[in-house]
file target.cif (mmCIF, C-alpha atoms)
data_model
#
loop_
_atom_site.group_PDB
_atom_site.id
_atom_site.type_symbol
_atom_site.label_atom_id
_atom_site.label_comp_id
_atom_site.auth_asym_id
_atom_site.auth_seq_id
_atom_site.Cartn_x
_atom_site.Cartn_y
_atom_site.Cartn_z
ATOM 1 C CA MET N 1 66.964 19.563 96.914
ATOM 2 C CA GLU N 2 69.106 22.096 98.754
ATOM 3 C CA LYS N 3 70.918 23.028 95.553
ATOM 4 C CA VAL N 4 67.577 23.584 93.825
ATOM 5 C CA LEU N 5 66.468 25.843 96.683
ATOM 6 C CA SER N 6 69.775 27.704 96.438
ATOM 7 C CA LEU N 7 69.107 28.378 92.760
ATOM 8 C CA ILE N 8 65.594 29.548 93.645
ATOM 9 C CA LEU N 9 67.034 31.898 96.266
ATOM 10 C CA TRP N 10 69.506 33.282 93.730
ATOM 11 C CA TRP N 11 66.652 33.882 91.300
ATOM 12 C CA LEU N 12 64.464 35.544 93.949
ATOM 13 C CA ILE N 13 67.343 37.805 94.939
ATOM 14 C CA GLN N 14 67.748 38.882 91.321
ATOM 15 C CA THR N 15 64.033 39.654 91.010
ATOM 16 C CA ARG N 16 64.030 41.720 94.224
ATOM 17 C CA ILE N 17 67.438 43.343 93.951
ATOM 18 C CA LYS N 18 65.843 46.638 92.908
ATOM 19 C CA ASN N 19 63.857 46.786 96.173
ATOM 20 C CA ILE N 20 66.923 46.537 98.419
ATOM 21 C CA PRO N 21 68.371 50.030 97.735
ATOM 22 C CA PHE N 22 64.894 51.518 98.195
ATOM 23 C CA LEU N 23 64.397 49.733 101.526
ATOM 24 C CA LEU N 24 67.850 50.784 102.705
ATOM 25 C CA GLY N 25 67.098 54.396 101.825
ATOM 26 C CA GLN N 26 63.810 54.252 103.701
ATOM 27 C CA LEU N 27 65.529 52.678 106.692
ATOM 28 C CA GLU N 28 68.193 55.366 106.730
ATOM 29 C CA SER N 29 65.622 58.151 106.664
ATOM 30 C CA PHE N 30 63.514 56.501 109.358
ATOM 31 C CA SER N 31 66.416 55.735 111.718
ATOM 32 C CA LYS N 32 68.254 59.024 111.210
ATOM 33 C CA LYS N 33 67.650 59.957 114.847
ATOM 34 C CA ILE N 34 69.822 57.093 116.060
ATOM 35 C CA ASP N 35 72.815 59.175 117.081
ATOM 36 C CA SER N 36 76.246 57.703 116.438
ATOM 37 C CA SER N 37 77.230 58.563 119.985
ATOM 38 C CA THR N 38 74.572 56.390 121.564
ATOM 39 C CA ARG N 39 75.234 52.921 122.845
ATOM 40 C CA LYS N 40 72.599 51.441 120.538
ATOM 41 C CA TYR N 41 74.393 52.575 117.409
ATOM 42 C CA GLU N 42 77.710 51.307 118.733
ATOM 43 C CA ARG N 43 76.134 47.976 119.583
ATOM 44 C CA LEU N 44 74.585 47.774 116.115
ATOM 45 C CA THR N 45 77.953 48.417 114.482
ATOM 46 C CA ARG N 46 79.632 45.850 116.708
ATOM 47 C CA ILE N 47 76.970 43.229 115.983
ATOM 48 C CA SER N 48 77.319 43.780 112.228
ATOM 49 C CA LYS N 49 81.064 43.200 112.363
ATOM 50 C CA VAL N 50 80.735 40.087 114.540
ATOM 51 C CA VAL N 51 78.068 38.581 112.284
ATOM 52 C CA THR N 52 80.187 39.196 109.189
ATOM 53 C CA ILE N 53 83.203 37.480 110.766
ATOM 54 C CA ILE N 54 81.110 34.494 111.890
ATOM 55 C CA VAL N 55 79.639 34.000 108.424
ATOM 56 C CA ILE N 56 83.083 34.110 106.808
ATOM 57 C CA LEU N 57 84.399 31.573 109.316
ATOM 58 C CA ILE N 58 81.465 29.211 108.739
ATOM 59 C CA ILE N 59 81.822 29.377 104.961
ATOM 60 C CA CYS N 60 85.568 28.717 105.183
ATOM 61 C CA PHE N 61 85.590 26.231 108.075
ATOM 62 C CA CYS N 62 83.400 23.537 106.491
ATOM 63 C CA PRO N 63 85.444 23.051 103.285
ATOM 64 C CA LEU N 64 88.659 23.449 105.268
ATOM 65 C CA THR N 65 87.762 20.594 107.631
ATOM 66 C CA ARG N 66 86.643 18.440 104.724
ATOM 67 C CA GLY N 67 89.935 19.178 102.963
ATOM 68 C CA VAL N 68 91.965 18.247 106.060
ATOM 69 C CA HIS N 69 89.963 15.041 106.395
ATOM 70 C CA TYR N 70 90.658 14.258 102.746
ATOM 71 C CA VAL N 71 94.391 14.720 103.324
ATOM 72 C CA ILE N 72 94.380 12.504 106.441
ATOM 73 C CA SER N 73 92.141 9.714 105.149
ATOM 74 C CA PRO N 74 91.117 10.089 101.498
ATOM 75 C CA ARG N 75 89.452 6.670 101.449
ATOM 76 C CA ASP N 76 86.707 7.868 103.806
ATOM 77 C CA LEU N 77 85.328 10.262 101.188
ATOM 78 C CA HIS N 78 83.469 8.439 98.467
ATOM 79 C CA SER N 79 82.221 11.327 96.346
ATOM 80 C CA CYS N 80 82.822 11.344 92.614
ATOM 81 C CA VAL N 81 85.153 14.320 92.844
ATOM 82 C CA ALA N 82 87.228 12.633 95.554
ATOM 83 C CA GLN N 83 87.529 9.513 93.435
ATOM 84 C CA VAL N 84 88.658 11.516 90.405
ATOM 85 C CA LEU N 85 91.183 13.506 92.431
ATOM 86 C CA SER N 86 92.610 10.328 93.954
ATOM 87 C CA TYR N 87 94.165 9.476 90.581
ATOM 88 C CA SER N 88 96.093 12.742 90.569
ATOM 89 C CA GLU N 89 99.090 12.961 92.862
ATOM 90 C CA SER N 90 99.746 16.675 92.399
ATOM 91 C CA MET N 91 97.502 19.425 93.756
ATOM 92 C CA ARG N 92 94.700 17.024 94.717
ATOM 93 C CA GLU N 93 94.296 18.453 98.244
ATOM 94 C CA ILE N 94 94.113 22.025 96.992
ATOM 95 C CA SER N 95 91.746 21.008 94.194
ATOM 96 C CA PHE N 96 89.479 19.221 96.643
ATOM 97 C CA PHE N 97 89.436 22.247 98.974
ATOM 98 C CA ILE N 98 88.576 24.594 96.096
ATOM 99 C CA TYR N 99 85.796 22.258 94.987
ATOM 100 C CA ARG N 100 84.274 22.029 98.472
ATOM 101 C CA PHE N 101 84.631 25.754 99.070
ATOM 102 C CA THR N 102 82.937 26.784 95.816
ATOM 103 C CA SER N 103 80.180 24.197 96.254
ATOM 104 C CA LEU N 104 79.375 25.294 99.808
ATOM 105 C CA TYR N 105 79.821 28.961 98.942
ATOM 106 C CA LEU N 106 77.210 28.835 96.195
ATOM 107 C CA GLU N 107 74.883 26.799 98.392
ATOM 108 C CA VAL N 108 74.878 28.786 101.637
ATOM 109 C CA LEU N 109 75.749 32.294 100.449
ATOM 110 C CA PRO N 110 72.188 33.299 99.446
ATOM 111 C CA LEU N 111 70.837 31.748 102.661
ATOM 112 C CA PHE N 112 73.213 33.695 104.909
ATOM 113 C CA ALA N 113 72.963 36.890 102.854
ATOM 114 C CA ILE N 114 69.163 37.057 102.978
ATOM 115 C CA SER N 115 68.950 35.959 106.619
ATOM 116 C CA ILE N 116 71.547 38.441 107.880
ATOM 117 C CA PHE N 117 70.049 41.294 105.875
ATOM 118 C CA TYR N 118 66.619 40.405 107.293
ATOM 119 C CA ILE N 119 67.942 40.237 110.865
ATOM 120 C CA LEU N 120 69.922 43.475 110.759
ATOM 121 C CA TYR N 121 67.116 45.324 108.977
ATOM 122 C CA CYS N 122 64.579 44.287 111.614
ATOM 123 C CA TYR N 123 66.947 45.081 114.466
ATOM 124 C CA THR N 124 67.880 48.501 113.088
ATOM 125 C CA PHE N 125 64.256 49.313 112.384
ATOM 126 C CA SER N 126 63.268 48.365 115.922
ATOM 127 C CA LEU N 127 65.660 51.020 117.225
ATOM 128 C CA GLY N 128 63.529 53.625 115.482
ATOM 129 C CA PHE N 129 60.572 52.604 117.619
ATOM 130 C CA SER N 130 62.386 53.241 120.903
ATOM 131 C CA ASP N 131 60.262 54.826 123.584
ATOM 132 C CA GLU N 132 62.559 57.803 124.012
ATOM 133 C CA GLN N 133 62.176 58.697 120.325
ATOM 134 C CA LEU N 134 58.371 58.770 120.390
ATOM 135 C CA SER N 135 56.430 61.815 121.465
ATOM 136 C CA SER N 136 52.895 63.074 121.054
ATOM 137 C CA SER N 137 53.643 65.580 118.321
ATOM 138 C CA SER N 138 52.037 65.332 114.894
ATOM 139 C CA GLU N 139 55.498 65.075 113.310
ATOM 140 C CA GLN N 140 56.209 61.903 115.270
ATOM 141 C CA GLU N 141 52.818 60.511 114.290
ATOM 142 C CA ASP N 142 53.663 61.026 110.622
ATOM 143 C CA ARG N 143 57.004 59.371 111.231
ATOM 144 C CA LEU N 144 55.276 56.392 112.809
ATOM 145 C CA ARG N 145 52.934 56.061 109.847
ATOM 146 C CA GLN N 146 55.990 56.133 107.610
ATOM 147 C CA GLY N 147 57.583 53.337 109.642
ATOM 148 C CA LEU N 148 54.491 51.145 109.396
ATOM 149 C CA ARG N 149 54.328 51.737 105.643
ATOM 150 C CA ILE N 150 58.007 50.822 105.216
ATOM 151 C CA LEU N 151 57.532 47.609 107.190
ATOM 152 C CA ARG N 152 54.659 46.611 104.930
ATOM 153 C CA GLU N 153 56.840 47.196 101.880
ATOM 154 C CA PHE N 154 59.568 45.150 103.567
ATOM 155 C CA GLU N 155 57.060 42.360 104.158
ATOM 156 C CA ASN N 156 55.958 42.378 100.513
ATOM 157 C CA ALA N 157 59.561 42.195 99.300
ATOM 158 C CA PHE N 158 60.884 39.506 101.671
ATOM 159 C CA SER N 159 57.856 37.365 102.478
ATOM 160 C CA LEU N 160 58.549 34.781 99.764
ATOM 161 C CA LEU N 161 62.273 34.792 100.586
ATOM 162 C CA VAL N 162 61.526 34.026 104.237
ATOM 163 C CA PHE N 163 59.284 31.139 103.212
ATOM 164 C CA THR N 164 62.035 29.717 100.986
ATOM 165 C CA ILE N 165 64.559 29.993 103.829
ATOM 166 C CA PHE N 166 62.295 27.982 106.134
ATOM 167 C CA VAL N 167 61.836 25.336 103.425
ATOM 168 C CA PHE N 168 65.624 25.266 103.033
ATOM 169 C CA PHE N 169 65.991 24.682 106.780
ATOM 170 C CA LEU N 170 63.437 21.855 106.774
ATOM 171 C CA CYS N 171 65.188 20.125 103.875
ATOM 172 C CA GLY N 172 68.480 20.432 105.737
ATOM 173 C CA PHE N 173 66.891 18.933 108.815
ATOM 174 C CA PHE N 174 65.536 15.945 106.870
ATOM 175 C CA LYS N 175 68.917 15.443 105.239
ATOM 176 C CA THR N 176 70.788 15.604 108.554
ATOM 177 C CA MET N 177 68.376 13.236 110.316
ATOM 178 C CA SER N 178 68.545 10.702 107.486
ATOM 179 C CA LEU N 179 72.348 10.901 107.493
ATOM 180 C CA PHE N 180 72.593 10.409 111.264
ATOM 181 C CA ILE N 181 70.252 7.437 111.221
ATOM 182 C CA TYR N 182 72.167 5.872 108.344
ATOM 183 C CA MET N 183 75.476 6.342 110.152
ATOM 184 C CA MET N 184 74.064 4.963 113.402
ATOM 185 C CA ASP N 185 72.746 1.951 111.544
ATOM 186 C CA SER N 186 75.921 1.311 109.523
ATOM 187 C CA GLY N 187 78.378 2.206 112.281
ATOM 188 C CA LYS N 188 80.140 4.856 110.207
ATOM 189 C CA LYS N 189 81.145 8.045 111.981
ATOM 190 C CA ASN N 190 83.086 9.984 109.379
ATOM 191 C CA ILE N 191 82.376 13.475 107.979
ATOM 192 C CA THR N 192 79.672 14.156 110.605
ATOM 193 C CA TYR N 193 81.234 17.375 111.873
ATOM 194 C CA ALA N 194 80.580 19.327 108.674
ATOM 195 C CA TYR N 195 76.899 18.418 108.652
ATOM 196 C CA VAL N 196 76.580 19.089 112.387
ATOM 197 C CA LEU N 197 78.156 22.522 112.023
ATOM 198 C CA ASN N 198 75.951 23.364 109.065
ATOM 199 C CA PHE N 199 72.828 22.185 110.877
ATOM 200 C CA ILE N 200 73.647 24.102 114.076
ATOM 201 C CA SER N 201 74.400 27.286 112.143
ATOM 202 C CA ASN N 202 71.053 27.004 110.339
ATOM 203 C CA ILE N 203 69.208 26.541 113.627
ATOM 204 C CA LEU N 204 70.885 29.562 115.213
ATOM 205 C CA LEU N 205 70.218 31.629 112.106
ATOM 206 C CA LEU N 206 66.550 30.674 112.160
ATOM 207 C CA ILE N 207 66.185 31.498 115.860
ATOM 208 C CA VAL N 208 67.802 34.921 115.482
ATOM 209 C CA MET N 209 65.576 35.666 112.474
ATOM 210 C CA VAL N 210 62.434 34.884 114.440
ATOM 211 C CA PHE N 211 63.536 36.901 117.483
ATOM 212 C CA SER N 212 64.474 39.954 115.404
ATOM 213 C CA ALA N 213 61.192 39.852 113.461
ATOM 214 C CA ASP N 214 59.221 39.411 116.679
ATOM 215 C CA GLU N 215 60.968 42.379 118.297
ATOM 216 C CA VAL N 216 60.273 44.811 115.473
ATOM 217 C CA GLN N 217 56.630 43.698 115.252
ATOM 218 C CA THR N 218 56.137 44.085 118.988
ATOM 219 C CA LYS N 219 57.672 47.554 119.098
ATOM 220 C CA ALA N 220 55.831 48.744 116.005
ATOM 221 C CA ASN N 221 52.450 47.539 117.239
ATOM 222 C CA ASN N 222 53.018 48.868 120.766
ATOM 223 C CA ALA N 223 53.988 52.241 119.351
ATOM 224 C CA ARG N 224 50.553 52.570 117.763
ATOM 225 C CA GLU N 225 49.190 53.392 121.191
ATOM 226 C CA PHE N 226 50.815 55.411 123.921
ATOM 227 C CA PRO N 227 49.805 56.593 127.401
ATOM 228 C CA CYS N 228 48.816 60.248 127.453
ATOM 229 C CA ARG N 229 48.339 62.333 130.542
ATOM 230 C CA ILE N 230 45.726 65.044 130.500
ATOM 231 C CA GLN N 231 45.520 67.690 133.160
ATOM 232 C CA ILE N 232 41.906 68.327 134.042
ATOM 233 C CA PHE N 233 41.058 71.547 135.808
ATOM 234 C CA SER N 234 37.840 71.502 137.701
ATOM 235 C CA GLN N 235 36.864 71.937 141.275
ATOM 236 C CA LYS N 236 39.482 69.316 142.110
ATOM 237 C CA SER N 237 42.549 69.154 139.916
ATOM 238 C CA GLY N 238 43.569 65.642 138.939
ATOM 239 C CA ILE N 239 45.516 63.651 136.419
ATOM 240 C CA VAL N 240 43.735 61.116 134.276
ATOM 241 C CA ASN N 241 45.640 58.422 132.386
ATOM 242 C CA ILE N 242 44.117 57.558 129.040
ATOM 243 C CA HIS N 243 45.238 55.563 126.040
ATOM 244 C CA HIS N 244 45.228 57.526 122.832
ATOM 245 C CA THR N 245 45.485 55.862 119.461
ATOM 246 C CA ARG N 246 48.693 57.054 117.888
ATOM 247 C CA VAL N 247 47.636 56.326 114.325
ATOM 248 C CA SER N 248 44.233 55.952 112.788
ATOM 249 C CA GLU N 249 42.398 52.662 112.792
ATOM 250 C CA SER N 250 43.002 52.376 109.036
ATOM 251 C CA ASP N 251 46.692 51.766 109.802
ATOM 252 C CA GLN N 252 46.570 48.078 110.620
ATOM 253 C CA SER N 253 49.098 46.318 112.788
ATOM 254 C CA VAL N 254 52.327 45.130 111.184
ATOM 255 C CA THR N 255 52.767 41.401 110.596
ATOM 256 C CA LEU N 256 55.859 39.772 109.088
ATOM 257 C CA THR N 257 55.042 36.427 107.500
ATOM 258 C CA GLY N 258 56.500 33.726 105.331
ATOM 259 C CA TRP N 259 54.552 34.182 102.097
ATOM 260 C CA GLY N 260 51.384 34.633 104.188
ATOM 261 C CA MET N 261 51.487 30.997 105.369
ATOM 262 C CA PHE N 262 52.849 31.623 108.865
ATOM 263 C CA THR N 263 53.684 34.576 111.083
ATOM 264 C CA VAL N 264 57.315 35.061 112.060
ATOM 265 C CA ARG N 265 56.788 35.326 115.814
ATOM 266 C CA LYS N 266 58.216 33.483 118.828
ATOM 267 C CA PRO N 267 55.415 30.862 119.020
ATOM 268 C CA LEU N 268 56.583 29.673 115.595
ATOM 269 C CA LEU N 269 59.771 28.309 117.185
ATOM 270 C CA LEU N 270 57.806 26.200 119.648
ATOM 271 C CA SER N 271 55.538 24.825 116.939
ATOM 272 C CA LEU N 272 58.490 24.089 114.688
ATOM 273 C CA ALA N 273 60.457 22.385 117.468
ATOM 274 C CA ALA N 274 57.488 20.184 118.407
ATOM 275 C CA TRP N 275 56.918 19.198 114.785
ATOM 276 C CA LEU N 276 60.589 18.399 114.130
ATOM 277 C CA PHE N 277 60.886 16.391 117.365
ATOM 278 C CA THR N 278 57.814 14.332 116.423
ATOM 279 C CA TYR N 279 59.199 13.688 112.947
ATOM 280 C CA ALA N 280 62.590 12.671 114.342
ATOM 281 C CA VAL N 281 61.027 10.180 116.767
ATOM 282 C CA ILE N 282 58.892 8.643 114.017
ATOM 283 C CA LEU N 283 61.865 8.427 111.662
ATOM 284 C CA ILE N 284 64.093 6.767 114.264
ATOM 285 C CA GLN N 285 61.408 4.238 115.208
ATOM 286 C CA TYR N 286 60.778 3.421 111.549
ATOM 287 C CA PHE N 287 64.429 2.778 110.709
ATOM 288 C CA PHE N 288 65.238 0.752 113.806
ATOM 289 C CA THR N 289 62.034 -1.275 113.561
ATOM 290 C CA SER N 290 62.812 -2.106 109.935
ATOM 291 C CA ALA N 291 66.366 -3.123 110.885
ATOM 292 C CA ASN N 292 65.159 -5.414 113.685
#

call {"tool": "encode", "arguments": {"input": "target.cif", "output": "structure tokens"}}
result
Amino acid sequence: MEKVLSLILWWLIQTRIKNIPFLLGQLESFSKKIDSSTRKYERLTRISKVVTIIVILIICFCPLTRGVHYVISPRDLHSCVAQVLSYSESMREISFFIYRFTSLYLEVLPLFAISIFYILYCYTFSLGFSDEQLSSSSEQEDRLRQGLRILREFENAFSLLVFTIFVFFLCGFFKTMSLFIYMMDSGKKNITYAYVLNFISNILLLIVMVFSADEVQTKANNAREFPCRIQIFSQKSGIVNIHHTRVSESDQSVTLTGWGMFTVRKPLLLSLAAWLFTYAVILIQYFFTSAN
């Protein structure tokens, strides 16, 4: 199932590849006021480098550990490729590593590529809605309308991709839970580290995606209204605080969703965790009751 979803992600990327340069150009024009000397830009650059290194390590670490395990105890791996390579004495370890690396690379590359692009795009866009960059001038109001329009275009381009990523995560969760229960029932404890690492990386990726999407939505919607002070001259001079709508009511609030089926906000994590915990408990009870 995961390989089918990977192929679907590859196909969706190909159908939306023309939108990515346009969105990047819009993001660059919107966030042009983020000065390279500011701490936010430096932090953004540092985060991009760290994320790239982590992704490379994850993609390389899983096949590397599986390859080391195959060298140490080849009988523990019962895949068809491992059985075929066991008949060859020369280059079998390197062949097995190349096989695992290419298989995992093709499977997780679209997932990490889309997720990281989504996270960094949302984070960079949220910097454009910083309070110090917003003023009451008409130019800033036009810029805010431009930002809301770009976010809607971003939502239209990546909504289906986000939905597919969440389905990919759920399939990985079902696979990992079934594997753990099978290993607990059979007493086998081999090759668990690769699945654990893959599952943990998917969870962290999902959490960061939700937090980044929630941040840009919060800042964009809060920027639609701002406190304005008006000096009123009358018999007694005073200052009145009012809330002035920054954009017209026709400019609706920004919402990032997964194909319109759910909103990518922080409450989604709580709902997802409760649902997965309930499913795990039911699955464990079912397997152990059947065994007894």

call {"tool": "closest_residue", "arguments": {"input": "target.cif", "among": "N:Arg46, N:Arg100, N:Arg143, N:Lys3", "to": "Leu27 of chain N", "atoms": "only C-alpha atoms"}}
result
N:Arg143

call {"tool": "closest_residue", "arguments": {"input": "target.cif", "among": "N:Phe61, N:Phe166, N:Phe180, N:Tyr121", "to": "Glu215 of chain N", "atoms": "all atoms listed in the file"}}
result
N:Tyr121

call {"tool": "closest_residue", "arguments": {"input": "target.cif", "among": "N:Ile150, N:Leu104, N:Ala213, N:Ile181", "to": "Ser29 of chain N", "atoms": "all atoms listed in the file"}}
result
N:Ile150

call {"tool": "residues_near_point", "arguments": {"input": "target.cif", "point": "(72.8, 30.1, 95.7)", "cutoff": "8 Å", "atoms": "only C-alpha atoms", "output": "ChimeraX atom specification"}}
result
/N:3,5-10,105-111

call {"tool": "write_last_selection", "arguments": {"input": "target.cif", "atoms": "C-alpha atoms", "output": "mmCIF file, in the coordinates of the input"}}
result
data_model
loop_
_atom_site.group_PDB
_atom_site.id
_atom_site.type_symbol
_atom_site.label_atom_id
_atom_site.label_comp_id
_atom_site.auth_asym_id
_atom_site.auth_seq_id
_atom_site.Cartn_x
_atom_site.Cartn_y
_atom_site.Cartn_z
ATOM 1 C CA LYS N 3 70.918 23.028 95.553
ATOM 2 C CA LEU N 5 66.468 25.843 96.683
ATOM 3 C CA SER N 6 69.775 27.704 96.438
ATOM 4 C CA LEU N 7 69.107 28.378 92.760
ATOM 5 C CA ILE N 8 65.594 29.548 93.645
ATOM 6 C CA LEU N 9 67.034 31.898 96.266
ATOM 7 C CA TRP N 10 69.506 33.282 93.730
ATOM 8 C CA TYR N 105 79.821 28.961 98.942
ATOM 9 C CA LEU N 106 77.210 28.835 96.195
ATOM 10 C CA GLU N 107 74.883 26.799 98.392
ATOM 11 C CA VAL N 108 74.878 28.786 101.637
ATOM 12 C CA LEU N 109 75.749 32.294 100.449
ATOM 13 C CA PRO N 110 72.188 33.299 99.446
ATOM 14 C CA LEU N 111 70.837 31.748 102.661
#

call {"tool": "resolve_selection", "arguments": {"input": "target.cif", "expression": "the PyMOL selection byres ((chain N and resi 255) around 8)", "output": "ChimeraX atom specification"}}
result
/N:152,155,217,253-254,256-257,263-264

call {"tool": "atom_distance", "arguments": {"input": "target.cif", "atom1": "atom CA of Ile47 of chain N", "atom2": "atom CA of Tyr123 of chain N"}}
result
10.3 Å

call {"tool": "atom_distance", "arguments": {"input": "target.cif", "atom1": "atom CA of Ser103 of chain N", "atom2": "atom CA of Ile207 of chain N"}}
result
25.2 Å

call {"tool": "atom_distance", "arguments": {"input": "target.cif", "atom1": "atom CA of Phe112 of chain N", "atom2": "atom CA of Val55 of chain N"}}
result
7.3 Å
